[in-house]
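Below is work.pdb, holding PDB, C-alpha atoms.
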```pdb
MODEL        1
ATOM      1  CA  MET A 231       0.000   0.000   0.000  1.00  0.00           C
ATOM      2  CA  THR A 232       1.240   3.451  -0.918  1.00  0.00           C
ATOM      3  CA  THR A 233       1.469   5.976   1.907  1.00  0.00           C
ATOM      4  CA  THR A 234      -0.327   9.062   0.642  1.00  0.00           C
ATOM      5  CA  ASN A 235       0.095  12.690   1.590  1.00  0.00           C
ATOM      6  CA  ALA A 236      -3.291  12.547   3.356  1.00  0.00           C
ATOM      7  CA  MET A 237      -2.039   9.648   5.500  1.00  0.00           C
ATOM      8  CA  ARG A 238       1.194  11.476   6.317  1.00  0.00           C
ATOM      9  CA  LEU A 239      -0.709  14.606   7.345  1.00  0.00           C
ATOM     10  CA  LEU A 240      -3.042  12.673   9.659  1.00  0.00           C
ATOM     11  CA  THR A 241      -0.072  10.841  11.187  1.00  0.00           C
ATOM     12  CA  GLN A 242       1.730  14.163  11.789  1.00  0.00           C
ATOM     13  CA  ALA A 243      -1.445  15.520  13.430  1.00  0.00           C
ATOM     14  CA  LYS A 244      -1.584  12.384  15.634  1.00  0.00           C
ATOM     15  CA  ILE A 245      -5.043  11.488  14.332  1.00  0.00           C
ATOM     16  CA  SER A 246      -5.953   7.830  14.539  1.00  0.00           C
ATOM     17  CA  PHE A 247      -7.040   6.202  11.279  1.00  0.00           C
ATOM     18  CA  ARG A 248      -6.887   2.955   9.393  1.00  0.00           C
ATOM     19  CA  THR A 249      -6.798   2.292   5.695  1.00  0.00           C
ATOM     20  CA  ALA A 250      -8.519   0.048   3.204  1.00  0.00           C
ATOM     21  CA  GLN A 251      -7.237  -0.818  -0.224  1.00  0.00           C
ATOM     22  CA  TYR A 252      -9.259  -2.194  -3.119  1.00  0.00           C
ATOM     23  CA  ALA A 253      -8.940  -2.901  -6.819  1.00  0.00           C
ATOM     24  CA  TYR A 254     -10.589  -0.009  -8.637  1.00  0.00           C
ATOM     25  CA  ASP A 255     -12.100  -0.124 -12.081  1.00  0.00           C
ATOM     26  CA  GLU A 256     -11.317   2.761 -14.483  1.00  0.00           C
ATOM     27  CA  ASN A 257     -14.794   2.280 -15.934  1.00  0.00           C
ATOM     28  CA  ASP A 258     -16.515   2.432 -12.532  1.00  0.00           C
ATOM     29  CA  LEU A 259     -14.989   5.038 -10.243  1.00  0.00           C
ATOM     30  CA  SER A 260     -18.218   5.340  -8.277  1.00  0.00           C
ATOM     31  CA  GLY A 261     -18.124   5.604  -4.534  1.00  0.00           C
ATOM     32  CA  VAL A 262     -20.699   2.822  -4.265  1.00  0.00           C
ATOM     33  CA  HIS A 263     -18.179   0.505  -5.936  1.00  0.00           C
ATOM     34  CA  ALA A 264     -15.529   1.637  -3.425  1.00  0.00           C
ATOM     35  CA  ALA A 265     -17.917   1.019  -0.512  1.00  0.00           C
ATOM     36  CA  GLN A 266     -18.713  -2.491  -1.723  1.00  0.00           C
ATOM     37  CA  ALA A 267     -15.040  -3.221  -2.309  1.00  0.00           C
ATOM     38  CA  ILE A 268     -14.022  -2.274   1.246  1.00  0.00           C
ATOM     39  CA  GLY A 269     -17.108  -3.846   2.829  1.00  0.00           C
ATOM     40  CA  MET A 270     -18.634  -0.703   4.308  1.00  0.00           C
ATOM     41  CA  PRO A 271     -22.202   0.564   3.876  1.00  0.00           C
ATOM     42  CA  PRO A 272     -22.428   3.343   1.232  1.00  0.00           C
ATOM     43  CA  GLU A 273     -23.850   5.649   3.922  1.00  0.00           C
ATOM     44  CA  GLN A 274     -20.485   5.496   5.726  1.00  0.00           C
ATOM     45  CA  VAL A 275     -18.246   6.065   2.702  1.00  0.00           C
ATOM     46  CA  PHE A 276     -17.982   9.722   1.755  1.00  0.00           C
ATOM     47  CA  LYS A 277     -17.098  11.239  -1.602  1.00  0.00           C
ATOM     48  CA  THR A 278     -15.342  14.582  -1.878  1.00  0.00           C
ATOM     49  CA  LEU A 279     -16.985  17.080  -4.217  1.00  0.00           C
ATOM     50  CA  VAL A 280     -15.306  20.312  -5.278  1.00  0.00           C
ATOM     51  CA  THR A 281     -17.545  23.220  -6.251  1.00  0.00           C
ATOM     52  CA  ARG A 282     -17.272  26.786  -7.475  1.00  0.00           C
ATOM     53  CA  CYS A 283     -19.568  29.562  -6.281  1.00  0.00           C
ATOM     54  CA  ASP A 284     -20.951  32.185  -8.659  1.00  0.00           C
ATOM     55  CA  LYS A 285     -18.503  34.590  -6.988  1.00  0.00           C
ATOM     56  CA  GLY A 286     -15.616  32.290  -7.989  1.00  0.00           C
ATOM     57  CA  GLU A 287     -14.788  30.813  -4.572  1.00  0.00           C
ATOM     58  CA  ILE A 288     -14.072  27.106  -4.235  1.00  0.00           C
ATOM     59  CA  ALA A 289     -15.831  25.010  -1.562  1.00  0.00           C
ATOM     60  CA  VAL A 290     -15.519  21.320  -0.746  1.00  0.00           C
ATOM     61  CA  PHE A 291     -18.374  19.058   0.305  1.00  0.00           C
ATOM     62  CA  CYS A 292     -18.124  15.494   1.644  1.00  0.00           C
ATOM     63  CA  ILE A 293     -21.292  13.451   1.331  1.00  0.00           C
ATOM     64  CA  PRO A 294     -22.206   9.748   1.441  1.00  0.00           C
ATOM     65  CA  VAL A 295     -21.460   8.031  -1.873  1.00  0.00           C
ATOM     66  CA  CYS A 296     -25.108   6.967  -2.157  1.00  0.00           C
ATOM     67  CA  CYS A 297     -26.367  10.578  -1.996  1.00  0.00           C
ATOM     68  CA  GLU A 298     -26.401  13.646  -4.218  1.00  0.00           C
ATOM     69  CA  LEU A 299     -25.267  17.111  -3.239  1.00  0.00           C
ATOM     70  CA  ASN A 300     -28.170  19.528  -2.962  1.00  0.00           C
ATOM     71  CA  LEU A 301     -26.744  22.511  -4.858  1.00  0.00           C
ATOM     72  CA  LYS A 302     -29.307  24.957  -3.427  1.00  0.00           C
ATOM     73  CA  LYS A 303     -28.452  23.984   0.151  1.00  0.00           C
ATOM     74  CA  ALA A 304     -24.724  24.073  -0.672  1.00  0.00           C
ATOM     75  CA  ALA A 305     -24.989  27.566  -2.192  1.00  0.00           C
ATOM     76  CA  LYS A 306     -26.884  28.856   0.830  1.00  0.00           C
ATOM     77  CA  ILE A 307     -24.286  27.397   3.220  1.00  0.00           C
ATOM     78  CA  VAL A 308     -21.402  29.161   1.454  1.00  0.00           C
ATOM     79  CA  GLY A 309     -23.392  32.371   0.993  1.00  0.00           C
ATOM     80  CA  CYS A 310     -23.801  32.556  -2.757  1.00  0.00           C
ATOM     81  CA  LYS A 311     -26.721  32.437  -5.178  1.00  0.00           C
ATOM     82  CA  LYS A 312     -25.488  29.599  -7.352  1.00  0.00           C
ATOM     83  CA  ILE A 313     -22.895  26.841  -7.011  1.00  0.00           C
ATOM     84  CA  GLU A 314     -21.745  24.212  -9.471  1.00  0.00           C
ATOM     85  CA  MET A 315     -19.324  21.324  -9.589  1.00  0.00           C
ATOM     86  CA  VAL A 316     -15.869  22.189 -10.926  1.00  0.00           C
ATOM     87  CA  HIS A 317     -15.011  20.496 -14.197  1.00  0.00           C
ATOM     88  CA  VAL A 318     -12.991  17.276 -13.897  1.00  0.00           C
ATOM     89  CA  LYS A 319     -10.218  18.909 -15.968  1.00  0.00           C
ATOM     90  CA  GLU A 320      -9.748  21.532 -13.221  1.00  0.00           C
ATOM     91  CA  LEU A 321      -9.672  19.106 -10.302  1.00  0.00           C
ATOM     92  CA  LEU A 322      -5.960  18.271 -10.331  1.00  0.00           C
ATOM     93  CA  ALA A 323      -4.842  21.908 -10.637  1.00  0.00           C
ATOM     94  CA  LEU A 324      -7.172  23.044  -7.827  1.00  0.00           C
ATOM     95  CA  THR A 325      -6.735  20.178  -5.372  1.00  0.00           C
ATOM     96  CA  GLY A 326      -3.732  18.089  -6.346  1.00  0.00           C
ATOM     97  CA  TYR A 327      -6.059  15.097  -6.713  1.00  0.00           C
ATOM     98  CA  ILE A 328      -7.721  13.298  -9.619  1.00  0.00           C
ATOM     99  CA  ARG A 329     -11.306  12.120 -10.039  1.00  0.00           C
ATOM    100  CA  GLY A 330     -11.855   8.975  -8.010  1.00  0.00           C
ATOM    101  CA  GLY A 331      -8.987   9.855  -5.682  1.00  0.00           C
ATOM    102  CA  CYS A 332      -9.940  13.267  -4.295  1.00  0.00           C
ATOM    103  CA  SER A 333      -9.485  13.556  -0.541  1.00  0.00           C
ATOM    104  CA  PRO A 334     -10.612  16.415   1.704  1.00  0.00           C
ATOM    105  CA  ILE A 335      -7.268  15.997   3.490  1.00  0.00           C
ATOM    106  CA  GLY A 336      -4.178  17.676   2.054  1.00  0.00           C
ATOM    107  CA  MET A 337      -5.511  19.643  -0.884  1.00  0.00           C
ATOM    108  CA  LYS A 338      -3.140  22.144  -2.527  1.00  0.00           C
ATOM    109  CA  LYS A 339      -5.007  25.007  -0.835  1.00  0.00           C
ATOM    110  CA  LYS A 340      -7.208  25.198   2.246  1.00  0.00           C
ATOM    111  CA  TYR A 341     -10.782  25.472   0.984  1.00  0.00           C
ATOM    112  CA  PRO A 342     -13.910  25.786   3.122  1.00  0.00           C
ATOM    113  CA  THR A 343     -14.964  22.174   3.714  1.00  0.00           C
ATOM    114  CA  PHE A 344     -18.357  20.888   4.804  1.00  0.00           C
ATOM    115  CA  LEU A 345     -19.330  17.373   5.916  1.00  0.00           C
ATOM    116  CA  ASP A 346     -22.831  16.017   5.561  1.00  0.00           C
ATOM    117  CA  GLU A 347     -24.392  15.876   9.015  1.00  0.00           C
ATOM    118  CA  THR A 348     -25.154  12.154   8.608  1.00  0.00           C
ATOM    119  CA  ALA A 349     -21.453  11.507   9.283  1.00  0.00           C
ATOM    120  CA  THR A 350     -22.172  12.104  12.980  1.00  0.00           C
ATOM    121  CA  LEU A 351     -24.354   8.977  13.036  1.00  0.00           C
ATOM    122  CA  TYR A 352     -21.274   6.753  12.752  1.00  0.00           C
ATOM    123  CA  GLU A 353     -18.202   6.014  14.850  1.00  0.00           C
ATOM    124  CA  GLU A 354     -16.130   6.002  11.683  1.00  0.00           C
ATOM    125  CA  ILE A 355     -16.451   6.985   8.046  1.00  0.00           C
ATOM    126  CA  ALA A 356     -14.255   6.450   5.004  1.00  0.00           C
ATOM    127  CA  VAL A 357     -12.904   9.104   2.637  1.00  0.00           C
ATOM    128  CA  SER A 358     -10.445   8.834  -0.208  1.00  0.00           C
ATOM    129  CA  ALA A 359      -6.825   8.535   0.861  1.00  0.00           C
ATOM    130  CA  GLY A 360      -5.814  10.599  -2.165  1.00  0.00           C
ATOM    131  CA  LEU A 361      -5.360   7.739  -4.617  1.00  0.00           C
ATOM    132  CA  ARG A 362      -7.808   5.596  -6.503  1.00  0.00           C
ATOM    133  CA  GLY A 363      -8.234   2.320  -4.669  1.00  0.00           C
ATOM    134  CA  GLN A 364      -7.321   3.594  -1.196  1.00  0.00           C
ATOM    135  CA  GLN A 365      -9.577   4.821   1.589  1.00  0.00           C
ATOM    136  CA  ILE A 366      -8.872   6.348   4.994  1.00  0.00           C
ATOM    137  CA  ILE A 367     -11.240   5.264   7.758  1.00  0.00           C
ATOM    138  CA  LEU A 368     -11.489   7.576  10.757  1.00  0.00           C
ATOM    139  CA  ALA A 369     -13.853   9.190  13.238  1.00  0.00           C
ATOM    140  CA  PRO A 370     -15.970  11.902  11.565  1.00  0.00           C
ATOM    141  CA  GLN A 371     -15.161  14.325  14.401  1.00  0.00           C
ATOM    142  CA  ASP A 372     -11.441  13.831  13.762  1.00  0.00           C
ATOM    143  CA  LEU A 373     -11.916  14.523  10.048  1.00  0.00           C
ATOM    144  CA  ALA A 374     -14.000  17.616  10.797  1.00  0.00           C
ATOM    145  CA  GLY A 375     -11.445  18.866  13.283  1.00  0.00           C
ATOM    146  CA  TYR A 376      -8.518  18.376  10.927  1.00  0.00           C
ATOM    147  CA  CYS A 377     -10.293  19.954   7.932  1.00  0.00           C
ATOM    148  CA  GLN A 378     -11.925  22.653  10.086  1.00  0.00           C
ATOM    149  CA  SER A 379     -15.253  21.454   8.696  1.00  0.00           C
ATOM    150  CA  LEU A 380     -18.808  22.026   9.772  1.00  0.00           C
ATOM    151  CA  PHE A 381     -21.432  19.295   9.823  1.00  0.00           C
ATOM    152  CA  VAL A 382     -24.312  20.527   7.657  1.00  0.00           C
ATOM    153  CA  ASP A 383     -27.423  19.289   5.864  1.00  0.00           C
ATOM    154  CA  ILE A 384     -26.313  19.215   2.213  1.00  0.00           C
ATOM    155  CA  THR A 385     -28.014  16.177   0.673  1.00  0.00           C
TER     156      THR A 385
ENDMDL
END
```

Can the structure from this file be put into structure tokens for me?
Amino acid sequence: MTTTNAMRLLTQAKISFRTAQYAYDENDLSGVHAAQAIGMPPEQVFKTLVTRCDKGEIAVFCIPVCCELNLKKAAKIVGCKKIEMVHVKELLALTGYIRGGCSPIGMKKKYPTFLDETATLYEEIAVSAGLRGQQIILAPQDLAGYCQSLFVDIT
């Protein structure tokens, strides 16, 4: 298993986590596939979505892989009229991560990050470790603390 930047950052911050590795499929980079592959319910595996506000600001949202981001709720939370997903082509330049391997931990810049409030229902959740086929499993409160995230209703 490759040690990712996200793993190194959590280790430096003395945050407890474990990892899960799985064989990913280039043709199915869905989070539901990742959840099945690591044996966790889709409600506990969170995908990282990067958005741009109509004012140009970037915001990051982590939601269960089985859910969809409510763009109206997301826009209201960040204080703009309209919000949209950034184009896949922009993801690497903005975050340092690629589609299917985008982690809320260790992005190139510190963006406002929001976690779906359902994360608080679980002792641990999984997020991408920063590479396709690798997940970090940790307490949602630890993730929120590290990313300076708020738990919000965004699905």

- Could you state which residues are captured by the PyMOL selection byres ((chain A and resi 297-310) around 10) in this file, as a ChimeraX atom specification? /A:261-262,272-273,276-277,279,281-296,311-315,342-344,346,382-385

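With distances taken over all atoms listed in the file, A:Leu321 is the one residue among A:Ala267, A:Val316, A:Leu321, A:Ala349 lying closest to A:Met337.
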
- Picked residues, the PyMOL selection byres ((chain A and resi 374) around 12), as number ranges by chain: A: 245, 291-292, 334-335, 342-347, 349-350, 354-355, 357, 368-373, 375-382

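Computed from the coordinates, the atom CA of A:Thr241 to atom CA of A:Tyr341 distance equals 20.8 Å.
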
- Point-to-point distance in Å for atom CA of A:Cys332 and atom CA of A:Ala253: 16.4 Å

When the PyMOL selection byres ((chain A and resi 361) around 8) is applied to the structure above, which residues does it catch, written out as a PDB file with C-alpha atoms, keeping the file's coordinate frame?
```pdb
ATOM      1  CA  THR A 234      -0.327   9.062   0.642  1.00  0.00           C
ATOM      2  CA  TYR A 327      -6.059  15.097  -6.713  1.00  0.00           C
ATOM      3  CA  ILE A 328      -7.721  13.298  -9.619  1.00  0.00           C
ATOM      4  CA  GLY A 330     -11.855   8.975  -8.010  1.00  0.00           C
ATOM      5  CA  GLY A 331      -8.987   9.855  -5.682  1.00  0.00           C
ATOM      6  CA  CYS A 332      -9.940  13.267  -4.295  1.00  0.00           C
ATOM      7  CA  SER A 358     -10.445   8.834  -0.208  1.00  0.00           C
ATOM      8  CA  ALA A 359      -6.825   8.535   0.861  1.00  0.00           C
ATOM      9  CA  GLY A 360      -5.814  10.599  -2.165  1.00  0.00           C
ATOM     10  CA  ARG A 362      -7.808   5.596  -6.503  1.00  0.00           C
ATOM     11  CA  GLY A 363      -8.234   2.320  -4.669  1.00  0.00           C
ATOM     12  CA  GLN A 364      -7.321   3.594  -1.196  1.00  0.00           C
TER      13      GLN A 364
END
```

- Task: Would you work out the distance separating atom CA of A:Ala323 from atom CA of A:Ala264, expressed in Å to one decimal?
- Result: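 Computing the Euclidean distance for atom CA of A:Ala323 and atom CA of A:Ala264 yields 24.0 Å.
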
- Can you work out which one of A:His263, A:Arg238, A:Lys340, A:Arg248 has the shortest atom-to-atom distance to A:Thr325, counting all atoms listed in the file?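 Closest residue, counting all atoms listed in the file: A:Lys340.
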
- Residue with smallest distance to A:Gln251 - pool A:Thr278, A:Thr348, A:His317, A:Thr233, counting only C-alpha atoms: A:Thr233

- Message: Just checking: using all atoms listed in the file, which residue out of A:Lys319, A:Lys339, A:Ala265, A:Phe247 ends up closest to A:Glu353?
- Response: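 For A:Glu353, the nearest of the candidates is A:Phe247.
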
If I wrap all listed atoms of stretch 350-358 of chain A in a box with edges along x, y and z and add 4 Å on each side, what are its centre and edge lengths in Å to one decimal, as lines of an AutoDock Vina configuration file?
```
center_x = -17.4
center_y = 9.1
center_z = 7.3
size_x = 21.9
size_y = 14.1
size_z = 23.1
```

- Task: Select, from A:Gly336, A:Gln274, A:Leu322, A:Leu351, the residue with the minimum atom-to-atom distance to A:Met237, counting all atoms listed in the file.
- Result: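 Result for the nearest residue to A:Met237: A:Gly336.
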
- Point out the residue among A:Tyr252, A:Val280, A:Ser246, A:Met231 with the least atom-to-atom distance to A:Ile268, counting all atoms listed in the file.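 Closest residue, counting all atoms listed in the file: A:Tyr252.
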